[in-house]
Structure formats: structure tokens, C-alpha cells
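Here is coords_36.txt, consisting of compact mmCIF, C-alpha atoms:
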# COMPACT_ATOMS: atom_id res chain seq x y z
CA MET A 17 -0.46 58.90 8.93
CA VAL A 18 2.06 59.21 11.72
CA THR A 19 5.71 59.07 10.78
CA SER A 20 8.40 57.20 12.65
CA ASP A 21 10.13 60.58 13.19
CA LYS A 22 7.15 61.65 15.28
CA ILE A 23 7.42 58.52 17.42
CA TRP A 24 11.17 59.02 17.85
CA SER A 25 10.52 62.56 19.09
CA LEU A 26 7.96 61.28 21.62
CA LEU A 27 10.41 58.63 22.81
CA ALA A 28 12.98 61.37 23.39
CA ASP A 29 10.75 62.43 26.32
CA VAL A 30 10.68 58.99 27.96
CA ASN A 31 13.37 58.98 30.64
CA ASP A 32 15.38 56.24 32.26
CA PRO A 33 13.90 55.96 35.78
CA GLU A 34 17.33 55.25 37.30
CA VAL A 35 19.15 58.07 35.49
CA PRO A 36 16.34 60.56 34.88
CA VAL A 37 18.41 62.99 32.79
CA LEU A 38 18.77 60.38 30.05
CA SER A 39 15.99 59.52 27.65
CA VAL A 40 15.62 56.03 26.25
CA VAL A 41 16.85 57.46 22.94
CA ASP A 42 19.98 58.98 24.56
CA LEU A 43 20.66 55.62 26.18
CA GLY A 44 20.68 53.92 22.78
CA ILE A 45 18.25 51.17 23.76
CA ILE A 46 15.68 52.00 21.06
CA ARG A 47 16.89 50.02 18.06
CA ASP A 48 14.06 50.67 15.61
CA VAL A 49 10.64 52.24 15.21
CA LEU A 50 8.35 50.68 12.62
CA VAL A 51 5.10 52.29 11.58
CA THR A 52 2.82 49.98 9.64
CA GLY A 53 -0.84 49.95 8.77
CA GLU A 54 -1.46 47.78 11.81
CA GLY A 55 0.23 49.97 14.38
CA ILE A 56 3.55 50.94 15.81
CA GLU A 57 6.33 48.53 16.65
CA ILE A 58 9.18 49.65 18.85
CA VAL A 59 12.25 47.45 18.97
CA LEU A 60 14.31 47.81 22.11
CA THR A 61 17.26 46.13 23.75
CA PRO A 62 18.09 45.91 27.47
CA THR A 63 21.22 47.51 28.95
CA TYR A 64 22.00 44.67 31.38
CA SER A 65 20.04 41.40 31.62
CA GLY A 66 19.06 42.03 35.20
CA CYS A 67 18.31 45.74 34.92
CA PRO A 68 15.16 46.18 37.04
CA ALA A 69 14.32 49.42 35.21
CA MET A 70 13.50 47.67 31.94
CA ASP A 71 9.94 46.70 32.89
CA LEU A 72 9.26 50.25 34.04
CA ILE A 73 10.78 51.69 30.86
CA ARG A 74 8.50 49.54 28.73
CA MET A 75 5.48 50.72 30.69
CA ASN A 76 6.55 54.37 30.46
CA ILE A 77 6.91 54.06 26.68
CA ARG A 78 3.37 52.70 26.45
CA MET A 79 1.98 55.43 28.70
CA THR A 80 3.69 58.24 26.78
CA LEU A 81 2.45 56.99 23.41
CA LEU A 82 -1.02 56.41 24.85
CA GLU A 83 -1.13 60.01 26.05
CA HIS A 84 -0.58 61.06 22.44
CA GLY A 85 -3.32 58.82 21.14
CA PHE A 86 -1.30 55.82 20.02
CA SER A 87 -2.77 52.67 21.47
CA ASP A 88 -1.74 50.01 18.97
CA ILE A 89 1.79 49.53 20.22
CA LYS A 90 3.97 46.47 20.07
CA LEU A 91 7.20 46.41 22.05
CA THR A 92 9.71 43.87 20.83
CA THR A 93 12.84 43.02 22.80
CA VAL A 94 15.97 42.02 20.91
CA LEU A 95 19.16 40.80 22.59
CA SER A 96 21.44 40.72 19.58
CA PRO A 97 23.45 42.75 18.81
CA ALA A 98 24.02 43.32 22.51
CA TRP A 99 23.76 46.86 23.84
CA THR A 100 26.95 48.84 24.24
CA THR A 101 27.62 52.24 25.78
CA ASP A 102 29.01 53.25 22.37
CA TRP A 103 25.36 53.63 21.37
CA MET A 104 24.82 56.40 23.91
CA SER A 105 24.34 59.75 22.21
CA GLU A 106 26.89 62.54 22.60
CA ARG A 107 24.07 64.71 23.90
CA GLY A 108 23.31 62.02 26.46
CA LYS A 109 26.95 61.97 27.61
CA GLU A 110 26.89 65.75 28.10
CA LYS A 111 23.68 65.49 30.12
CA LEU A 112 25.14 62.75 32.31
CA LYS A 113 28.16 64.88 33.11
CA ALA A 114 26.04 67.90 33.99
CA TYR A 115 24.02 65.61 36.29
CA GLY A 116 27.16 64.53 38.18
CA ILE A 117 27.75 61.13 36.59
CA ALA A 118 30.95 60.59 34.63
CA PRO A 119 29.97 59.45 31.11
CA PRO A 120 31.33 56.20 29.63
CA LEU A 121 34.67 56.34 27.85
CA PRO A 122 34.78 54.99 24.31
CA SER A 123 37.70 52.72 25.23
CA GLN A 124 36.71 49.10 25.61
CA GLN A 125 39.57 48.28 27.96
CA VAL A 126 37.51 47.32 31.01
CA CYS A 127 35.39 45.02 28.90
CA ARG A 128 38.29 42.60 28.63
CA PRO A 129 38.91 39.83 31.14
CA ALA A 130 42.54 40.66 32.01
CA LEU A 131 43.03 40.79 35.77
CA PHE A 132 44.18 43.72 37.90
CA GLN A 133 43.95 46.14 35.00
CA ARG A 134 45.15 49.68 35.37
CA GLU A 135 42.16 51.81 36.14
CA GLU A 136 40.85 54.06 33.43
CA ALA A 137 41.49 57.73 33.99
CA ILE A 138 38.03 59.05 34.78
CA GLU A 139 37.38 62.77 34.99
CA CYS A 140 35.61 63.96 38.14
CA PRO A 141 32.28 65.43 37.00
CA HIS A 142 32.41 67.97 39.87
CA CYS A 143 35.89 69.55 39.71
CA HIS A 144 37.17 68.02 36.42
CA SER A 145 40.27 66.54 38.03
CA TYR A 146 41.64 63.27 36.68
CA HIS A 147 43.09 62.52 40.10
CA THR A 148 40.39 59.95 40.86
CA ILE A 149 40.26 56.41 42.22
CA ARG A 150 37.87 53.53 41.74
CA ILE A 151 36.17 52.41 44.94
CA SER A 152 34.12 49.61 43.40
CA GLU A 153 33.63 48.14 39.96
CA PHE A 154 29.93 47.76 40.73
CA GLY A 155 27.97 50.83 41.82
CA SER A 156 24.43 51.85 42.68
CA THR A 157 23.14 50.17 39.52
CA ALA A 158 24.58 47.48 37.25
CA CYS A 159 25.63 50.07 34.68
CA LYS A 160 27.73 52.18 37.05
CA ALA A 161 31.00 51.96 38.98
CA LEU A 162 31.81 53.97 42.10
CA TYR A 163 34.70 56.45 42.09
CA ARG A 164 36.10 59.10 44.39
CA CYS A 165 37.91 62.28 43.49
CA LYS A 166 41.16 62.74 45.40
CA ASP A 167 41.17 66.48 44.78
CA CYS A 168 37.68 67.60 45.74
CA GLY A 169 37.02 64.53 47.88
CA GLU A 170 33.58 63.88 46.38
CA PRO A 171 32.44 60.37 45.49
CA PHE A 172 30.77 59.99 42.09
CA ASP A 173 29.26 57.39 39.79
CA TYR A 174 30.94 56.44 36.53
CA PHE A 175 28.65 55.07 33.84
CA LYS A 176 31.06 52.30 32.89
CA CYS A 177 31.73 51.31 29.35
CA HIS A 178 30.05 48.06 28.41
CA MET B 7 -3.29 16.97 33.99
CA SER B 8 -1.13 18.30 36.80
CA PHE B 9 1.41 20.97 36.07
CA LYS B 10 4.24 18.57 36.82
CA ALA B 11 2.97 15.82 34.55
CA HIS B 12 2.35 18.39 31.85
CA THR B 13 5.87 19.75 32.20
CA ASN B 14 7.46 16.34 32.08
CA GLU B 15 5.56 15.42 28.94
CA MET B 16 6.77 18.56 27.20
CA LEU B 17 10.33 17.73 28.11
CA GLN B 18 10.38 14.29 26.62
CA ASP B 19 10.32 14.72 22.85
CA SER B 20 12.79 17.48 22.06
CA GLY B 21 15.93 18.19 24.03
CA LEU B 22 15.68 21.94 23.51
CA PRO B 23 13.22 22.99 26.24
CA ILE B 24 15.08 21.00 28.86
CA TYR B 25 18.41 22.40 27.67
CA ALA B 26 17.06 25.93 28.06
CA LEU B 27 15.75 24.94 31.50
CA HIS B 28 19.11 23.50 32.52
CA LEU B 29 20.83 26.79 31.66
CA ALA B 30 18.09 28.85 33.29
CA ASP B 31 18.27 26.77 36.48
CA ASN B 32 22.06 27.22 36.64
CA SER B 33 21.68 30.99 36.52
CA LEU B 34 18.67 31.28 38.81
CA VAL B 35 20.06 29.06 41.55
CA LEU B 36 23.44 30.80 41.62
CA GLY B 37 21.74 34.19 41.37
CA HIS B 38 19.57 33.31 44.36
CA ARG B 39 22.54 32.03 46.37
CA ASN B 40 24.38 35.29 45.73
CA SER B 41 21.32 37.32 46.69
CA GLU B 42 21.46 35.69 50.13
CA TRP B 43 24.47 37.95 50.75
CA THR B 44 22.51 41.14 50.03
CA GLY B 45 22.72 43.18 53.22
CA TYR B 46 25.34 40.84 54.73
CA GLY B 47 28.42 41.45 52.55
CA PRO B 48 31.74 42.02 54.34
CA ILE B 49 31.81 45.65 53.18
CA LEU B 50 29.20 47.71 51.40
CA GLU B 51 30.96 47.86 48.00
CA GLN B 52 31.37 44.10 47.80
CA ASP B 53 27.83 43.51 49.01
CA ILE B 54 26.69 45.66 46.09
CA ALA B 55 29.06 43.92 43.68
CA LEU B 56 27.72 40.48 44.51
CA SER B 57 24.13 41.74 44.42
CA ASN B 58 24.77 43.14 40.95
CA ILE B 59 26.13 39.79 39.81
CA ALA B 60 23.02 38.17 41.27
CA LEU B 61 20.85 40.54 39.23
CA ASP B 62 22.71 39.74 36.02
CA LEU B 63 22.32 36.01 36.63
CA ILE B 64 18.62 36.25 37.46
CA GLY B 65 18.11 38.43 34.38
CA GLN B 66 19.80 35.79 32.22
CA ALA B 67 17.64 33.13 33.84
CA ARG B 68 14.50 35.10 32.94
CA TYR B 69 15.35 35.14 29.23
CA LEU B 70 16.05 31.42 29.31
CA TYR B 71 12.85 30.58 31.25
CA GLN B 72 10.79 32.75 28.90
CA TYR B 73 12.26 30.87 25.97
CA ALA B 74 11.69 27.47 27.59
CA ALA B 75 8.09 28.45 28.39
CA ARG B 76 7.45 29.51 24.78
CA LEU B 77 8.83 26.22 23.49
CA MET B 78 6.78 24.20 25.96
CA ASN B 79 3.54 26.09 25.31
CA LYS B 80 4.08 25.75 21.59
CA ALA B 81 4.58 22.01 21.93
CA ALA B 82 1.30 21.90 23.84
CA GLY B 83 -0.42 23.56 20.89
CA GLY B 84 -1.19 26.71 22.80
CA PRO B 85 -1.12 30.37 21.85
CA ALA B 86 2.61 30.54 22.43
CA ALA B 87 3.32 31.70 18.91
CA GLY B 88 2.38 35.13 20.26
CA GLY B 89 5.22 34.98 22.75
CA ALA B 90 5.36 35.04 26.51
CA ALA B 91 2.85 37.89 26.74
CA ALA B 92 0.15 36.00 24.87
CA GLY B 93 -1.59 34.92 28.07
CA GLY B 94 -4.57 32.63 28.37
CA ALA B 95 -4.81 28.91 28.80
CA VAL B 96 -2.85 26.53 26.62
CA ALA B 97 -5.78 24.24 26.17
CA SER B 98 -9.06 24.02 27.99
CA GLY B 99 -8.29 23.87 31.69
CA GLN B 100 -4.57 23.84 31.04
CA ARG B 101 -2.49 26.56 32.64
CA GLU B 102 -0.06 28.39 30.46
CA ILE B 103 3.57 27.81 31.40
CA THR B 104 5.37 31.03 32.30
CA GLU B 105 8.81 32.03 33.52
CA ASP B 106 7.31 32.28 37.00
CA SER B 107 5.65 28.88 36.96
CA LEU B 108 8.97 27.34 35.92
CA ALA B 109 10.93 29.13 38.65
CA TYR B 110 8.41 28.78 41.46
CA GLY B 111 6.31 25.79 40.50
CA ARG B 112 8.83 22.98 40.14
CA ASP B 113 10.35 20.88 42.87
CA ALA B 114 14.01 19.96 43.37
CA TRP B 115 13.90 16.86 41.15
CA ASP B 116 12.63 18.99 38.25
CA PHE B 117 15.60 21.34 38.45
CA ARG B 118 18.48 20.61 36.07
CA ASN B 119 21.16 22.91 37.45
CA CYS B 120 24.70 21.72 38.14
CA LEU B 121 25.44 20.78 41.73
CA LEU B 122 28.13 23.45 42.02
CA VAL B 123 25.71 26.39 41.92
CA GLU B 124 23.38 25.07 44.63
CA GLN B 125 26.10 24.60 47.28
CA ALA B 126 25.52 26.68 50.39
CA ASN B 127 27.33 30.00 50.59
CA GLY B 128 29.60 29.14 53.51
CA ASP B 129 31.96 32.03 54.19
CA TRP B 130 32.85 34.83 51.77
CA GLY B 131 35.77 32.81 50.42
CA LYS B 132 33.63 29.83 49.48
CA THR B 133 31.05 32.08 47.82
CA ILE B 134 33.81 33.79 45.82
CA LEU B 135 35.38 30.49 44.79
CA ARG B 136 32.02 29.06 43.66
CA GLN B 137 31.44 32.20 41.58
CA PHE B 138 34.93 32.02 40.08
CA LEU B 139 34.70 28.33 39.09
CA PHE B 140 31.29 28.91 37.53
CA SER B 141 32.04 32.26 35.85
CA ALA B 142 35.11 30.75 34.19
CA TRP B 143 32.85 28.01 32.84
CA GLN B 144 30.14 30.48 31.78
CA LEU B 145 32.64 32.69 29.94
CA PHE B 146 33.82 29.93 27.62
CA PHE B 147 30.38 28.35 27.47
CA TYR B 148 28.66 31.52 26.28
CA GLU B 149 31.50 32.18 23.83
CA GLN B 150 30.53 28.90 22.14
CA LEU B 151 26.77 29.29 22.58
CA LYS B 152 26.98 32.61 20.71
CA ARG B 153 27.56 30.45 17.63
CA SER B 154 24.60 28.14 18.34
CA ARG B 155 22.36 27.38 15.38
CA ASP B 156 19.45 28.21 17.65
CA SER B 157 19.26 31.97 17.17
CA GLU B 158 17.41 32.59 20.44
CA LEU B 159 20.07 30.84 22.54
CA ALA B 160 22.79 32.58 20.53
CA ALA B 161 21.29 36.01 21.28
CA ILE B 162 20.94 35.28 25.02
CA ALA B 163 24.56 34.08 25.02
CA GLU B 164 25.78 37.23 23.28
CA LYS B 165 24.08 39.42 25.85
CA SER B 166 25.18 37.35 28.86
CA HIS B 167 28.77 36.93 27.74
CA LYS B 168 29.50 40.63 28.16
CA GLU B 169 28.26 40.49 31.74
CA VAL B 170 30.20 37.37 32.64
CA ILE B 171 33.49 39.09 31.71
CA TYR B 172 32.95 41.37 34.72
CA HIS B 173 31.92 38.49 36.97
CA LEU B 174 35.00 36.48 36.12
CA ARG B 175 37.42 39.34 36.55
CA TRP B 176 35.92 40.35 39.88
CA SER B 177 35.85 36.82 41.30
CA SER B 178 39.34 35.93 39.95
CA GLU B 179 40.87 38.93 41.68
CA TRP B 180 39.18 37.96 44.93
CA VAL B 181 40.38 34.34 44.69
CA ILE B 182 43.95 35.60 44.32
CA ARG B 183 43.54 38.20 47.05
CA LEU B 184 42.24 35.62 49.54
CA GLY B 185 44.33 32.61 48.47
CA ASP B 186 47.51 34.66 48.52
CA GLY B 187 46.41 36.76 51.51
CA THR B 188 46.79 35.92 55.19
CA ALA B 189 47.28 32.47 56.71
CA GLU B 190 43.63 32.59 57.79
CA SER B 191 42.25 33.54 54.36
CA HIS B 192 44.51 30.99 52.66
CA SER B 193 43.36 28.12 54.88
CA ARG B 194 39.72 29.05 54.33
CA MET B 195 40.25 29.03 50.58
CA GLU B 196 41.94 25.62 50.80
CA LYS B 197 38.91 24.34 52.67
CA ALA B 198 36.57 25.87 50.09
CA MET B 199 38.56 24.17 47.33
CA ASP B 200 38.26 20.82 49.10
CA GLU B 201 34.50 21.28 49.36
CA LEU B 202 33.76 22.61 45.88
CA TRP B 203 36.26 20.94 43.55
CA GLN B 204 34.28 17.68 43.43
CA TYR B 205 31.39 19.52 41.73
CA THR B 206 33.44 20.90 38.82
CA GLY B 207 33.53 17.64 36.83
CA GLU B 208 29.81 17.86 36.18
CA LEU B 209 30.30 21.10 34.25
CA PHE B 210 31.90 19.03 31.48
CA SER B 211 29.90 15.85 31.66
CA PRO B 212 27.13 16.11 29.05
CA ALA B 213 23.57 15.07 29.91
CA ASP B 214 21.52 13.15 27.35
CA TYR B 215 19.79 16.33 26.17
CA GLU B 216 23.19 17.89 25.49
CA ARG B 217 24.36 14.84 23.57
CA LYS B 218 21.21 15.05 21.50
CA LEU B 219 21.59 18.76 20.69
CA SER B 220 25.31 19.26 20.34
CA PRO B 221 25.91 17.39 17.03
CA ALA B 222 23.26 19.66 15.47
CA GLY B 223 25.23 22.72 16.57
CA ILE B 224 22.55 23.81 19.04
CA ALA B 225 24.10 22.84 22.38
CA VAL B 226 27.71 23.56 23.28
CA ASP B 227 30.16 20.68 22.97
CA LEU B 228 31.53 20.67 26.51
CA ALA B 229 34.70 18.86 25.45
CA VAL B 230 35.67 21.99 23.49
CA ILE B 231 35.51 24.33 26.47
CA ARG B 232 37.08 21.99 29.02
CA PRO B 233 40.77 22.72 28.17
CA LEU B 234 40.02 26.45 28.05
CA TRP B 235 38.42 26.34 31.49
CA GLU B 236 41.23 24.24 32.93
CA GLU B 237 43.87 26.61 31.66
CA ARG B 238 42.16 29.73 33.00
CA VAL B 239 41.29 28.19 36.35
CA GLN B 240 44.78 26.77 36.80
CA GLU B 241 46.34 30.14 36.02
CA VAL B 242 44.36 31.87 38.75
CA LEU B 243 44.76 29.05 41.27
CA MET B 244 48.52 29.07 40.72
CA GLU B 245 48.69 32.75 41.46
CA ALA B 246 46.45 32.28 44.48
CA GLY B 247 48.64 29.48 45.84
CA LEU B 248 45.73 27.05 45.66
CA ALA B 249 46.91 24.79 42.86
CA GLY B 250 47.69 21.77 45.04
CA HIS B 251 46.40 18.35 44.04
CA ARG B 252 42.71 17.65 44.65
CA LYS B 253 40.80 14.41 44.70
CA ASP B 254 39.87 13.28 41.21
CA TRP B 255 36.52 11.83 42.18
CA MET B 256 33.65 13.94 40.88
CA GLN B 257 30.05 14.12 42.08
CA THR B 258 27.41 14.43 39.35
CA GLY B 259 23.61 14.18 39.09
CA GLY B 260 22.25 17.74 39.13
CA LYS B 261 21.71 17.84 35.37
CA GLN B 262 19.51 14.75 35.74
CA GLY B 263 17.58 16.14 38.70
CA ARG B 264 19.50 14.30 41.44
CA HIS B 265 20.54 17.08 43.76
CA THR B 266 22.38 17.57 47.00
CA GLU B 267 20.38 18.36 50.11
CA GLN B 268 21.27 22.04 49.67
CA LEU B 269 18.86 22.72 46.82
CA GLY B 270 15.78 21.78 48.86
CA TYR B 271 16.51 24.44 51.48
CA LEU B 272 17.11 27.03 48.78
CA LEU B 273 13.83 26.28 47.01
CA ALA B 274 11.89 26.18 50.28
CA GLU B 275 12.85 29.77 50.86
CA MET B 276 12.73 31.02 47.27
CA GLN B 277 9.37 29.44 46.44
CA PHE B 278 7.63 29.93 49.78
CA LEU B 279 5.45 32.88 48.82
CA GLN B 280 4.21 31.40 45.54
CA ARG B 281 3.55 28.05 47.24
CA ALA B 282 1.63 29.64 50.13
CA TYR B 283 -0.21 32.21 48.01
CA PRO B 284 -0.23 30.96 44.41
CA ASP B 285 -0.07 33.67 41.74
CA CYS B 286 0.16 36.47 44.29
CA GLU B 287 1.67 39.70 43.02
CA TRP B 288 3.13 42.67 44.80

Is it possible to give me this structure as C-alpha cells?
Amino acid sequence: MVTSDKIWSLLADVNDPEVPVLSVVDLGIIRDVLVTGEGIEIVLTPTYSGCPAMDLIRMNIRMTLLEHGFSDIKLTTVLSPAWTTDWMSERGKEKLKAYGIAPPLPSQQVCRPALFQREEAIECPHCHSYHTIRISEFGSTACKALYRCKDCGEPFDYFKCH
Amino acid sequence: MSFKAHTNEMLQDSGLPIYALHLADNSLVLGHRNSEWTGYGPILEQDIALSNIALDLIGQARYLYQYAARLMNKAAGGPAAGGAAAGGAVASGQREITEDSLAYGRDAWDFRNCLLVEQANGDWGKTILRQFLFSAWQLFFYEQLKRSRDSELAAIAEKSHKEVIYHLRWSSEWVIRLGDGTAESHSRMEKAMDELWQYTGELFSPADYERKLSPAGIAVDLAVIRPLWEERVQEVLMEAGLAGHRKDWMQTGGKQGRHTEQLGYLLAEMQFLQRAYPDCEW
């Protein structure tokens, strides 16, 4: 009988379509894998409510498992506890950085409602300078903010803490 | 039985499906309004910001519609126990209710959203102010709904609350920036306040379904969040120089399905494709 470890290792090859260097496991959205006599249940949680990648991610999970002969798959979505970037793996953060996206900081400062907060010091993923400035709190996807490095001049995405 | 008659019947006995619909309609209608700015924002970054907020709101609406649909199908004795993906007819010849049929298949008088969210965008300032007034409400509302005895609503609230923190901060900063900006931006914000303030009273005036559900700890007691909202809104308006006295008279009716003219135009555009080509997919 298949073990849940085997399923976890297959899921580690299913990538986020928006940030293709991250797997769904790196992202921390797989909350549980249950193997029972009746099949496999995968419990997942969305990053943001409106993330358009979620439907595609669910389909990709099904396709990957199907390719390995697992057809009895149930995907269950849970909303609570709500996803946080603290669930992203350290390996995932390293991969993000190598890909040119600044990984989320552990600090939860920007998750508070105080106005006109001091910007977090975000390291430029290209030249490693901290001399950076936020251009927009909302970036190319809901999970990212847009920054620019004042030293190398390059714009970059910051996977914001959530 | 027609879809509409079927829907109305489902709504009568328990307050819960209509409460979920009310919340879903709030989020969908505001999300759609914001999406009207996509491609037209004053600068690219803010266009993207508002589009992201629209996505969050529409995503929240989807969870709420899916939940409402499950409750309604279940009440009809259908296969809804299997969840939204169960598919198939509820009963012989009866169409299953889905998130899409609720969003695209109902007319204005079936919508239960507050009047505030359906108001036309106007200029950037009015759009921002509408978002601010509503996000401030949503922040405190979801904080309470997280403790709902209905675990499904509580989970949706927990997820949504985190997103609303961003929406409120972003819109608050813009209200201050514009209210306390140039003479032109200030006068536009004053005008927006005059137009929108009359729709804020409805946010705290409970509909019958809320009165039914709030003593049981399912719906939020709006009297609890009112002082919190007032304090937060006043704080920002003071800083924005927009805290002058407004008319006390408040327009209500949206939660009962009596809407302003604005909603009809919005639905005509949003629902056109599904009305012209029912069930089409792309």
C-alpha cells in the first residue's frame, strides 16, 4: 500500500504556476495527506482568497498523481487556520531568492493595520543591497509587492509576509 | 419550478443561506465595481493594487456563494452533502444551485448587498472613499465573524480578515493623501463624502435574517462593531480634513433587495454573457 510519504514526495514536484520555482509543498499550502483504504485525501489551503492559480494547482495535483497511477483522489479545501508565509519552507525561500524574488520576512509587521508604516528593509535579490524602496504594496500577483533597488537600479518582486 | 421561485423558497425557512448570500453579494458587487478600474487606474501600480483588492473580494464572494449553494441544495434534499462538486440535479428536473447560478442568475431584487458597495465608481477619490468606508466595516465585521458558532462562516472570516487589513491600510492612506492633498483633491473628497455618507447607516442596521441569527451567535451583532467603525473612520477623516458634519439621514433597503438604480447597470454588464449564452464556459 502506498504511504503518505510517497504522496508528499510526488507533491514536491507540483509547482506553483505563478512562481514556478516553488512547489506546493514549499509554499506550505498542503496541510495534510491522508491515505485510507478508499483512496487518497489531500487537504490544502489557499494563499489568498482570490488567487487565480488555485484552480490550476488543484488540477495539476490531480494530473501528477494520475500519472503515477493514483486515480482515487479527494482534494479538500480548508480555510482555517488561514495560510501564512511562515509556513513556507526554508528551502522554498532559498529557491525564491535564487529566482530573483525576495522571500518573505518572518516579521509580521506589515500584517498590522497601522498607517504609513516604516517600510521593511528588504534585501535586493540581485545585488544584496538593503538600499531598496517599495514602489507598490500590491505587485504582479496578490502575494507580492513591488520594490526597486536604489543601488543596482533593478525592480524586483517581494513575496510579502502574510 | 423556476430558478427564482426555487431560490426564494429556500431562503424562507432558515436565515443562514440568505445571510451567506448577503455577505457574498457585498463582496461580489464591490469586487466587480473595483474591477471596472482594471486598465484605467491613474497609474499602473494603483491600477494593480485595486485589481488585487477586487480579486480578494471576488474570492471571498466565491467561498460564501459556494456555502450558500450547499445550504440551499441541502434544504432542497439534493446531493449537496457531497459539497459543491457533487453535480447533478437536485431533484428531477431541478437544476442544482451553484456559485455561478447565484452570481449570474439572480436579478437586482434578489441581491442583498448594502447600497454602499453598488454605488458607481465616480472618480478615483470616490472609489477610494467607498473602499475605505467598507473595508473599515469589513475589518471589524470579520473580527467578530471569526467567532461565529457557524464554523464555515468563521473559517471564511478568518481567511478574509487577513486580506482586509491590507485593503483598509491602503485605502486609509489614500483618503488622507487626497483629503489632505491639493484644493482640487480635497474638494473632490468632500463631494464624495456628501454622496456616500448616506449609505453608511445601513452597514449597522440589521435585517430580519441578522436579527434571527445573531442571538444564536451565528451572525455578527452589528451594534458591537458600530463604535469600533466610528472611531476608526473618524480618526482617518480627521487626519484627512474631512470630518465636517454630514447629514444624519441614512438611506437603507439594499439588504432587503431594494436597490439604487446603480445595481441594475452593474448586473446588466456582469451577467450579460451568462444571460445571452446560459452555462457557456471559456

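Nearest residue to Lys165 (chain B), choosing from B:Gly270, B:Pro48, B:Gly65, B:Pro284 and counting all atoms listed in the file: B:Gly65.
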
For Ile162 (chain B), please output as a PyMOL selection string all residues within 9 Å (counting all atoms listed in the file; exclusion window: fewer than 2 positions along the same chain). (chain A and resi 95-96+98) or (chain B and resi 66+69-70+148+151-152+157-160+164-167)

Given only C-alpha atoms, how would the per-residue table for chain A near chain B read, listing every residue at most 7 Å away with its closest atom pair and distance in Å to one decimal, sorted by chain and number, as JSON lines?
{"residue": "A:Tyr64", "atom": "CA", "partner": "B:Asp62", "partner_atom": "CA", "distance": 6.8}
{"residue": "A:Ser65", "atom": "CA", "partner": "B:Gly65", "partner_atom": "CA", "distance": 4.5}
{"residue": "A:Gly66", "atom": "CA", "partner": "B:Gly65", "partner_atom": "CA", "distance": 3.8}
{"residue": "A:Leu95", "atom": "CA", "partner": "B:Ala161", "partner_atom": "CA", "distance": 5.4}
{"residue": "A:Ser96", "atom": "CA", "partner": "B:Ala161", "partner_atom": "CA", "distance": 5.0}
{"residue": "A:Ala98", "atom": "CA", "partner": "B:Lys165", "partner_atom": "CA", "distance": 5.1}
{"residue": "A:Cys127", "atom": "CA", "partner": "B:Ile171", "partner_atom": "CA", "distance": 6.8}
{"residue": "A:Arg128", "atom": "CA", "partner": "B:Ile171", "partner_atom": "CA", "distance": 6.7}
{"residue": "A:Pro129", "atom": "CA", "partner": "B:Ile171", "partner_atom": "CA", "distance": 5.5}
{"residue": "A:Ala130", "atom": "CA", "partner": "B:Arg175", "partner_atom": "CA", "distance": 7.0}
{"residue": "A:Leu131", "atom": "CA", "partner": "B:Arg175", "partner_atom": "CA", "distance": 5.8}
{"residue": "A:Phe132", "atom": "CA", "partner": "B:Glu179", "partner_atom": "CA", "distance": 6.9}
{"residue": "A:Ser152", "atom": "CA", "partner": "B:Glu51", "partner_atom": "CA", "distance": 5.8}
{"residue": "A:Phe154", "atom": "CA", "partner": "B:Ala55", "partner_atom": "CA", "distance": 4.9}
{"residue": "A:Gly155", "atom": "CA", "partner": "B:Ile54", "partner_atom": "CA", "distance": 6.8}
{"residue": "A:Ala158", "atom": "CA", "partner": "B:Asn58", "partner_atom": "CA", "distance": 5.7}

Spatial sel., origin (31.0, 32.4, 46.7), limit 12 Å, all atoms listed in the file, listed as a tab-separated table (two decimals) with C-alpha atoms, keeping the file's coordinate frame:
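Output contents, as saved in part-v2.tsv:
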chain	number	residue	atom	x	y	z
B	36	LEU	CA	23.44	30.80	41.62
B	37	GLY	CA	21.74	34.19	41.37
B	38	HIS	CA	19.57	33.31	44.36
B	39	ARG	CA	22.54	32.03	46.37
B	40	ASN	CA	24.38	35.29	45.73
B	41	SER	CA	21.32	37.32	46.69
B	42	GLU	CA	21.46	35.69	50.13
B	43	TRP	CA	24.47	37.95	50.75
B	47	GLY	CA	28.42	41.45	52.55
B	52	GLN	CA	31.37	44.10	47.80
B	53	ASP	CA	27.83	43.51	49.01
B	56	LEU	CA	27.72	40.48	44.51
B	57	SER	CA	24.13	41.74	44.42
B	59	ILE	CA	26.13	39.79	39.81
B	60	ALA	CA	23.02	38.17	41.27
B	122	LEU	CA	28.13	23.45	42.02
B	123	VAL	CA	25.71	26.39	41.92
B	124	GLU	CA	23.38	25.07	44.63
B	125	GLN	CA	26.10	24.60	47.28
B	126	ALA	CA	25.52	26.68	50.39
B	127	ASN	CA	27.33	30.00	50.59
B	128	GLY	CA	29.60	29.14	53.51
B	129	ASP	CA	31.96	32.03	54.19
B	130	TRP	CA	32.85	34.83	51.77
B	131	GLY	CA	35.77	32.81	50.42
B	132	LYS	CA	33.63	29.83	49.48
B	133	THR	CA	31.05	32.08	47.82
B	134	ILE	CA	33.81	33.79	45.82
B	135	LEU	CA	35.38	30.49	44.79
B	136	ARG	CA	32.02	29.06	43.66
B	137	GLN	CA	31.44	32.20	41.58
B	138	PHE	CA	34.93	32.02	40.08
B	139	LEU	CA	34.70	28.33	39.09
B	140	PHE	CA	31.29	28.91	37.53
B	141	SER	CA	32.04	32.26	35.85
B	173	HIS	CA	31.92	38.49	36.97
B	176	TRP	CA	35.92	40.35	39.88
B	177	SER	CA	35.85	36.82	41.30
B	178	SER	CA	39.34	35.93	39.95
B	180	TRP	CA	39.18	37.96	44.93
B	181	VAL	CA	40.38	34.34	44.69
B	195	MET	CA	40.25	29.03	50.58
B	198	ALA	CA	36.57	25.87	50.09
B	199	MET	CA	38.56	24.17	47.33
B	201	GLU	CA	34.50	21.28	49.36
B	202	LEU	CA	33.76	22.61	45.88

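Coordinates place CA of Leu219 (chain B) at a distance of 15.8 Å from CA of Arg118 (chain B).
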
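Counting from CA of Cys286 (chain B), the distance to CA of Arg74 (chain A) is 22.0 Å.
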
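The space between CA of Ile182 (chain B) and CA of Gln144 (chain B) spans 19.3 Å.
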
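Using all atoms listed in the file, the set of residues no farther than 6 Å from the position (28.9, 59.9, 41.4) comprises A:Gly116, A:Ile117, A:Pro171, A:Phe172, A:Asp173.
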
Which of A:Ile151, A:Leu50, A:Met17, A:Val94 sits closest to Arg164 (chain A) [using only C-alpha atoms]: A:Ile151

9 Å contact set for Thr92 (chain A), all atoms listed in the file, chain neighbours under 6 positions out, as a PyMOL selection string: chain A and resi 57-61
